[in-house]
Each structure stands twice: as C-alpha cells, then as structure tokens.
Amino acid sequence: MWIQGYRKYFHVFWIPFFPLWKKIYSVCSHCKGVFDKKEFKDQELTNSFEYFENNKIKIPWYHFTGIILVLSMITLIFTLSFFTK
C-alpha cells in the first residue's frame, strides 16, 4: 500500500487561484483499492496518514497564477491611471 494525496483548487478557465482542501488516501498496490484513514486498524498506516495530514506539504507557486495575474492587472491599471494625470 502507498499513501497518496491531492488538492482541490478554485480556478477560472483552468487558471488556479487558491487551494481549497486536500484529500489523503491509501492505494493498495495489489487490488488498486482506495482506502480512507478510518478504514485501517493498523497503527503504522494510521500514523502515516496523520503525518501527511499534519505535515505542511508545499504548494507550488504556479498554483497561485490566477491571484498573481489579477494583482498584476490591478497594479498596472493603478500605475497607468496615476501616471496619466
């Protein structure tokens, strides 16, 4: 078994703005079954789940592309309107 996770993002036209939540689950390498934390009685697997839930997993900077684009546009508009006066 291995532990895997993913994040859901708020996005507009496939441009991610910010992360919403993360989902962590375990996948069996034999049967390809997907299992949640509450389905395990093994303490080692439960500890692995807790490590991934509590550990801060880094979010790549490009997942905030939408916010970066919006802030850049606002800054550009503000700067142009300030210098045209």
# chains A, B, ... in the order shown; residues from 1 in each chain; ligands from 1
$ residues_around --residues "Asn54 in chain A" --least-positions-apart "4" --cutoff "12 Å" --atoms "only C-alpha atoms" --output "PyMOL selection string"
chain A and resi 22+24+47-50
$ write_last_selection --atoms "N, CA and C atoms" --output "PDB file, in the first residue's frame"
ATOM      1  N   LYS A  22      -7.447  19.406   0.815  1.00  0.00           N
ATOM      2  CA  LYS A  22      -6.642  18.284   0.348  1.00  0.00           C
ATOM      3  C   LYS A  22      -7.303  16.977   0.780  1.00  0.00           C
ATOM      4  N   ILE A  24      -6.356  12.881   1.378  1.00  0.00           N
ATOM      5  CA  ILE A  24      -5.293  11.896   1.520  1.00  0.00           C
ATOM      6  C   ILE A  24      -5.940  10.515   1.624  1.00  0.00           C
ATOM      7  N   ASN A  47      -0.579   6.223  11.586  1.00  0.00           N
ATOM      8  CA  ASN A  47       0.454   7.226  11.843  1.00  0.00           C
ATOM      9  C   ASN A  47       0.921   7.881  10.551  1.00  0.00           C
ATOM     10  N   SER A  48       1.030   7.116   9.471  1.00  0.00           N
ATOM     11  CA  SER A  48       1.431   7.671   8.177  1.00  0.00           C
ATOM     12  C   SER A  48       0.393   8.669   7.672  1.00  0.00           C
ATOM     13  N   PHE A  49      -0.870   8.324   7.840  1.00  0.00           N
ATOM     14  CA  PHE A  49      -1.934   9.243   7.451  1.00  0.00           C
ATOM     15  C   PHE A  49      -1.847  10.539   8.245  1.00  0.00           C
ATOM     16  N   GLU A  50      -1.653  10.416   9.553  1.00  0.00           N
ATOM     17  CA  GLU A  50      -1.584  11.606  10.402  1.00  0.00           C
ATOM     18  C   GLU A  50      -0.385  12.469  10.037  1.00  0.00           C
TER      19      GLU A  50
END
$ select_by_dssp --residues "range 1-77 of chain A" --states "strand (DSSP E or B)" --output "PyMOL selection string"
chain A and resi 2-12+15-27+34-35
$ closest_atom_pairs --of "range 59-81 of chain A" --to "range 14-17 of chain A" --cutoff "9 Å" --atoms "only C-alpha atoms" --output "Markdown table"
| residue | atom | partner | partner_atom | distance |
| --- | --- | --- | --- | --- |
| A:Tyr62 | CA | A:Pro16 | CA | 8.1 |
| A:His63 | CA | A:Pro16 | CA | 5.4 |
| A:Phe64 | CA | A:Phe17 | CA | 5.0 |
| A:Thr65 | CA | A:Pro16 | CA | 6.1 |
| A:Gly66 | CA | A:Phe17 | CA | 4.4 |
| A:Ile67 | CA | A:Phe17 | CA | 5.3 |
| A:Ile68 | CA | A:Phe17 | CA | 8.3 |
$ select_by_dssp --residues "chain A" --states "helix (DSSP H, G or I)" --output "PyMOL selection string"
chain A and resi 37-39+43-54+61-83
$ atom_distance --atom1 "CA of Asp42 in chain A" --atom2 "CA of Ser26 in chain A"
12.5 Å
$ atom_distance --atom1 "CA of Phe35 in chain A" --atom2 "CA of Ile3 in chain A"
9.4 Å
$ atom_distance --atom1 "CA of Trp21 in chain A" --atom2 "CA of Met1 in chain A"
23.1 Å
